[in-house]
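Visitor: For reference, this is start_31.cif, and it has mmCIF, C-alpha atoms and all ligand atoms.
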```
data_my_file
loop_
_atom_site.label_atom_id
_atom_site.label_comp_id
_atom_site.auth_asym_id
_atom_site.auth_seq_id
_atom_site.Cartn_x
_atom_site.Cartn_y
_atom_site.Cartn_z
CA MET A 97 -48.43 32.82 -253.00
CA ASN A 98 -50.55 31.02 -255.55
CA GLY A 99 -51.88 27.51 -255.11
CA VAL A 100 -49.18 25.74 -257.12
CA ALA A 101 -46.37 27.49 -255.24
CA ALA A 102 -47.96 26.63 -251.89
CA ILE A 103 -48.24 22.95 -252.86
CA ALA A 104 -44.64 22.91 -254.09
CA LYS A 105 -43.45 24.47 -250.84
CA GLY A 106 -45.38 21.91 -248.82
CA MET A 107 -43.98 19.02 -250.88
CA ALA A 108 -40.46 20.38 -250.50
CA THR A 109 -40.89 20.42 -246.73
CA THR A 110 -42.22 16.85 -246.83
CA LEU A 111 -39.30 15.66 -248.96
CA LYS A 112 -36.84 17.41 -246.69
CA VAL A 113 -37.94 15.45 -243.59
CA LEU A 114 -38.98 12.21 -245.32
CA PHE A 115 -35.60 10.48 -245.05
CA ARG A 116 -34.55 11.90 -241.71
CA LYS A 117 -34.04 9.53 -238.79
CA PRO A 118 -37.25 9.58 -236.69
CA VAL A 119 -36.99 11.33 -233.34
CA THR A 120 -39.66 9.09 -231.79
CA VAL A 121 -39.27 5.42 -230.81
CA ASP A 122 -41.71 2.53 -231.13
CA TYR A 123 -42.72 2.50 -227.44
CA PRO A 124 -43.51 0.15 -225.68
CA TYR A 125 -41.47 -2.17 -227.89
CA VAL A 126 -38.50 0.17 -227.81
CA LYS A 127 -37.60 2.04 -224.65
CA ARG A 128 -35.11 4.84 -224.39
CA PRO A 129 -32.45 4.39 -221.71
CA ARG A 130 -33.22 6.38 -218.59
CA ALA A 131 -30.76 8.82 -217.04
CA PRO A 132 -28.40 7.10 -214.57
CA ARG A 133 -29.98 9.05 -211.69
CA PHE A 134 -33.58 8.33 -212.76
CA ARG A 135 -35.79 7.49 -209.79
CA GLY A 136 -38.50 4.89 -210.36
CA ARG A 137 -40.10 2.06 -208.44
CA HIS A 138 -38.66 1.12 -205.06
CA GLU A 139 -36.85 -2.08 -204.21
CA LEU A 140 -35.58 -3.42 -200.90
CA ARG A 141 -32.25 -5.04 -201.49
CA THR A 142 -31.07 -8.22 -199.88
CA TYR A 143 -27.65 -9.62 -199.16
CA GLU A 144 -26.26 -12.38 -201.35
CA ASN A 145 -27.10 -14.92 -198.64
CA GLY A 146 -30.77 -13.88 -198.74
CA LEU A 147 -30.89 -11.84 -195.51
CA GLU A 148 -32.83 -8.59 -195.79
CA MET A 149 -30.72 -5.45 -195.58
CA CYS A 150 -33.61 -3.51 -194.03
CA VAL A 151 -33.25 -3.31 -190.26
CA GLY A 152 -36.63 -1.69 -189.67
CA CYS A 153 -35.21 1.61 -188.40
CA GLU A 154 -38.13 3.59 -189.93
CA LEU A 155 -35.86 6.46 -191.02
CA CYS A 156 -37.24 6.26 -194.56
CA GLN A 157 -40.76 6.69 -193.19
CA VAL A 158 -39.68 9.77 -191.21
CA ALA A 159 -37.81 11.28 -194.16
CA CYS A 160 -40.65 10.89 -196.65
CA PRO A 161 -42.29 14.28 -197.29
CA ALA A 162 -45.38 12.66 -198.81
CA ALA A 163 -46.08 10.13 -196.06
CA ALA A 164 -45.88 7.39 -198.67
CA ILE A 165 -43.94 4.84 -196.62
CA THR A 166 -45.24 2.76 -193.73
CA VAL A 167 -42.77 0.63 -191.78
CA GLN A 168 -43.47 -1.55 -188.79
CA ALA A 169 -40.44 -3.20 -187.26
CA ALA A 170 -40.24 -6.43 -185.28
CA GLU A 171 -37.51 -8.07 -183.22
CA ASN A 172 -35.42 -10.64 -185.03
CA ASP A 173 -35.37 -14.20 -183.78
CA PRO A 174 -31.61 -14.71 -183.14
CA ASP A 175 -31.84 -18.31 -184.35
CA ASN A 176 -33.70 -17.43 -187.53
CA PRO A 177 -33.10 -13.75 -188.30
CA HIS A 178 -34.63 -11.92 -191.25
CA SER A 179 -31.85 -9.31 -191.24
CA PRO A 180 -28.42 -8.86 -189.63
CA GLY A 181 -29.83 -6.19 -187.29
CA GLU A 182 -31.71 -6.44 -184.02
CA ARG A 183 -34.92 -5.71 -185.89
CA TYR A 184 -36.29 -6.14 -189.37
CA GLY A 185 -39.09 -4.56 -191.37
CA TYR A 186 -42.05 -6.73 -190.40
CA LYS A 187 -44.41 -4.61 -192.48
CA TYR A 188 -43.24 -2.38 -195.31
CA GLN A 189 -45.54 -0.46 -197.63
CA VAL A 190 -44.90 2.10 -200.35
CA ASP A 191 -47.93 4.02 -201.53
CA LEU A 192 -47.19 4.88 -205.15
CA LEU A 193 -50.27 7.11 -205.23
CA ARG A 194 -48.57 9.44 -202.77
CA CYS A 195 -44.92 9.04 -203.78
CA ILE A 196 -43.35 11.93 -205.67
CA PHE A 197 -40.11 9.99 -206.36
CA CYS A 198 -37.99 12.59 -204.60
CA GLY A 199 -35.48 10.01 -203.33
CA MET A 200 -35.42 11.30 -199.74
CA CYS A 201 -36.15 7.80 -198.41
CA GLU A 202 -33.21 6.39 -200.34
CA GLU A 203 -30.96 9.12 -198.94
CA ALA A 204 -32.10 8.46 -195.37
CA CYS A 205 -31.60 4.69 -195.38
CA PRO A 206 -28.56 3.82 -193.23
CA THR A 207 -28.03 0.39 -194.78
CA ASP A 208 -28.52 1.44 -198.43
CA CYS A 209 -31.13 -1.25 -198.78
CA LEU A 210 -33.81 1.03 -200.17
CA HIS A 211 -33.20 1.80 -203.80
CA LEU A 212 -35.24 3.59 -206.43
CA THR A 213 -34.88 1.56 -209.60
CA GLN A 214 -35.18 2.57 -213.24
CA GLU A 215 -38.59 0.91 -213.49
CA PHE A 216 -41.17 3.50 -214.53
CA GLU A 217 -44.15 1.59 -215.96
CA LEU A 218 -46.23 1.68 -212.81
CA ALA A 219 -49.77 2.17 -214.07
CA ASP A 220 -52.45 -0.21 -212.82
CA PHE A 221 -56.21 -0.44 -212.58
CA THR A 222 -56.91 -0.31 -208.85
CA ARG A 223 -55.76 1.92 -206.02
CA GLU A 224 -54.93 -1.13 -203.89
CA SER A 225 -52.51 -2.49 -206.47
CA LEU A 226 -50.54 0.76 -206.30
CA ILE A 227 -49.81 0.31 -202.61
CA LEU A 228 -46.79 -1.98 -202.79
CA GLN A 229 -46.39 -4.52 -200.01
CA LYS A 230 -43.11 -5.81 -198.66
CA GLU A 231 -43.35 -9.05 -200.67
CA GLN A 232 -43.48 -6.96 -203.86
CA LEU A 233 -40.43 -4.93 -202.85
CA VAL A 234 -38.03 -7.45 -201.30
CA ASN A 235 -36.09 -9.81 -203.52
CA ARG A 236 -37.68 -8.45 -206.64
CA ASN A 237 -34.36 -6.97 -207.53
CA PRO A 238 -35.21 -5.51 -210.96
CA SER A 239 -31.90 -3.65 -210.91
CA GLY A 240 -29.98 -6.91 -210.52
CA PHE A 241 -27.99 -5.31 -207.72
CA LYS A 242 -26.37 -7.72 -205.28
CA VAL A 243 -24.75 -6.71 -202.02
CA PRO A 244 -21.93 -8.91 -200.73
CA MET A 245 -22.44 -9.94 -197.14
CA ASN A 246 -19.15 -8.42 -196.00
CA VAL A 247 -20.37 -4.86 -196.74
CA TYR A 248 -22.11 -4.76 -193.39
CA PRO A 249 -20.91 -7.24 -190.79
CA PRO A 250 -23.65 -9.51 -189.46
CA PHE A 251 -25.13 -8.48 -186.16
CA ARG A 252 -24.28 -11.06 -183.49
CA ARG A 253 -27.17 -10.91 -181.10
CA LYS A 254 -25.94 -13.75 -178.92
CA ALA A 255 -22.48 -12.20 -178.55
CA VAL A 256 -24.01 -8.86 -177.54
CA ASN A 257 -26.27 -10.50 -174.97
CA ALA A 258 -23.45 -12.62 -173.54
S1 LIG B 1 -39.30 8.80 -203.16
FE1 LIG B 1 -39.85 10.56 -201.83
S2 LIG B 1 -42.08 10.60 -201.80
FE2 LIG B 1 -41.47 8.58 -202.62
S3 LIG B 1 -41.46 7.22 -200.83
FE3 LIG B 1 -39.37 8.02 -201.07
S4 LIG B 1 -39.29 9.86 -199.77
FE4 LIG B 1 -41.45 9.35 -200.07
S1 LIG B 2 -35.54 0.74 -195.74
FE1 LIG B 2 -33.72 1.58 -194.75
S2 LIG B 2 -34.43 3.44 -193.70
FE2 LIG B 2 -36.26 2.21 -194.19
S3 LIG B 2 -36.63 0.98 -192.36
FE3 LIG B 2 -35.36 -0.26 -193.74
S4 LIG B 2 -33.24 0.16 -193.06
FE4 LIG B 2 -34.52 1.79 -192.20
#
```
As structure tokens, how would this structure be written, given the file I've shared?
Ligand code: SF4
Ligand code: SF4
Guide:
Amino acid sequence: MNGVAAIAKGMATTLKVLFRKPVTVDYPYVKRPRAPRFRGRHELRTYENGLEMCVGCELCQVACPAAAITVQAAENDPDNPHSPGERYGYKYQVDLLRCIFCGMCEEACPTDCLHLTQEFELADFTRESLILQKEQLVNRNPSGFKVPMNVYPPFRRKAVNA
């Protein structure tokens, strides 16, 4: 193929794709929708009345194959409970440096309070900032999911003790 033919062939290829719809998007200004089952950053859901759904059972910690979750439970004050259960998650940490987003913790949670959201932009500058504390997980609600209080009946500590 001589030079002119090669240039013509190259130009033809250019013209062929010039008016095609681009396959890329202008990220981060445009974001493609994630798959419905995409697993991203964790959130701890709350009931509509503000009570935490987490009852501090630690099953998510046990189920995690990467040892990315740390839960410490504490007894609820019956007069000022954090959750409808006997206990609540006093300390709750998710180490995003260890997490492989497998979803086992979500599967293990008996109250469905632990949810992996569609949020995927998790990069940060320090290792400490990638260990999420409870305050960063509870009530953040990036998924906008609300759980009506009647899904799980409130635990009546006084009635049980009576
Ligand atoms: S998604 Fe998997 S690796 Fe990440 S915290 Fe949950 S169980 Fe552990
Ligand atoms: S998030 Fe779910 S599994 Fe983990 S401690 Fe709370 S209630 Fe238990």
Visitor: Check which residues of chain A sit at most 7 Å from ligand LIG 1 (chain B) using all atoms listed in the file, and return one row each with the closest pair of atoms and their distance in Å to one decimal, ordered by chain and rising number, as JSON lines.
Guide:
```
{"residue": "A:Cys156", "atom": "CA", "partner": "B:LIG1", "partner_atom": "S4", "distance": 6.7}
{"residue": "A:Ala159", "atom": "CA", "partner": "B:LIG1", "partner_atom": "S4", "distance": 6.0}
{"residue": "A:Cys160", "atom": "CA", "partner": "B:LIG1", "partner_atom": "S4", "distance": 3.6}
{"residue": "A:Pro161", "atom": "CA", "partner": "B:LIG1", "partner_atom": "FE4", "distance": 5.7}
{"residue": "A:Ala162", "atom": "CA", "partner": "B:LIG1", "partner_atom": "S2", "distance": 4.9}
{"residue": "A:Ala163", "atom": "CA", "partner": "B:LIG1", "partner_atom": "FE4", "distance": 6.2}
{"residue": "A:Ala164", "atom": "CA", "partner": "B:LIG1", "partner_atom": "S3", "distance": 4.9}
{"residue": "A:Ile165", "atom": "CA", "partner": "B:LIG1", "partner_atom": "S3", "distance": 5.4}
{"residue": "A:Val190", "atom": "CA", "partner": "B:LIG1", "partner_atom": "S3", "distance": 6.2}
{"residue": "A:Arg194", "atom": "CA", "partner": "B:LIG1", "partner_atom": "S2", "distance": 6.7}
{"residue": "A:Cys195", "atom": "CA", "partner": "B:LIG1", "partner_atom": "FE2", "distance": 3.7}
{"residue": "A:Ile196", "atom": "CA", "partner": "B:LIG1", "partner_atom": "S2", "distance": 4.3}
{"residue": "A:Phe197", "atom": "CA", "partner": "B:LIG1", "partner_atom": "S1", "distance": 3.5}
{"residue": "A:Cys198", "atom": "CA", "partner": "B:LIG1", "partner_atom": "FE1", "distance": 3.9}
{"residue": "A:Gly199", "atom": "CA", "partner": "B:LIG1", "partner_atom": "S1", "distance": 4.0}
{"residue": "A:Met200", "atom": "CA", "partner": "B:LIG1", "partner_atom": "S4", "distance": 4.1}
{"residue": "A:Cys201", "atom": "CA", "partner": "B:LIG1", "partner_atom": "S4", "distance": 4.0}
{"residue": "A:Glu202", "atom": "CA", "partner": "B:LIG1", "partner_atom": "FE3", "distance": 6.4}
```
Visitor: Nearest to ligand LIG 2 (chain B) among A:Phe216, A:Phe221, A:Tyr125, A:Tyr188, with distances taken over all atoms listed in the file: which residue is it?
Guide: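 Of A:Phe216, A:Phe221, A:Tyr125, A:Tyr188, the one nearest ligand LIG 2 (chain B) is A:Tyr188, counting all atoms listed in the file.
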Visitor: Which chains and residue numbers are within 10 Å of ligand LIG 2 (chain B), counting all atoms listed in the file, if I want them as a ChimeraX atom specification?
Guide: /A:138-141,148-159,165-169,179,181,183-188,200-211
Visitor: Counting all atoms listed in the file, figure out which residue out of A:Leu111, A:Val100, A:Leu192, A:Ala131 gets nearest to Leu226 (chain A).
Guide: A:Leu192
Visitor: Using all atoms listed in the file, find the one residue out of A:Arg135, A:Tyr123, A:Asp191, A:Leu212 that sits nearest to Lys230 (chain A).
Guide: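 When distances to Lys230 (chain A) are compared using all atoms listed in the file, the smallest one comes from A:Asp191.
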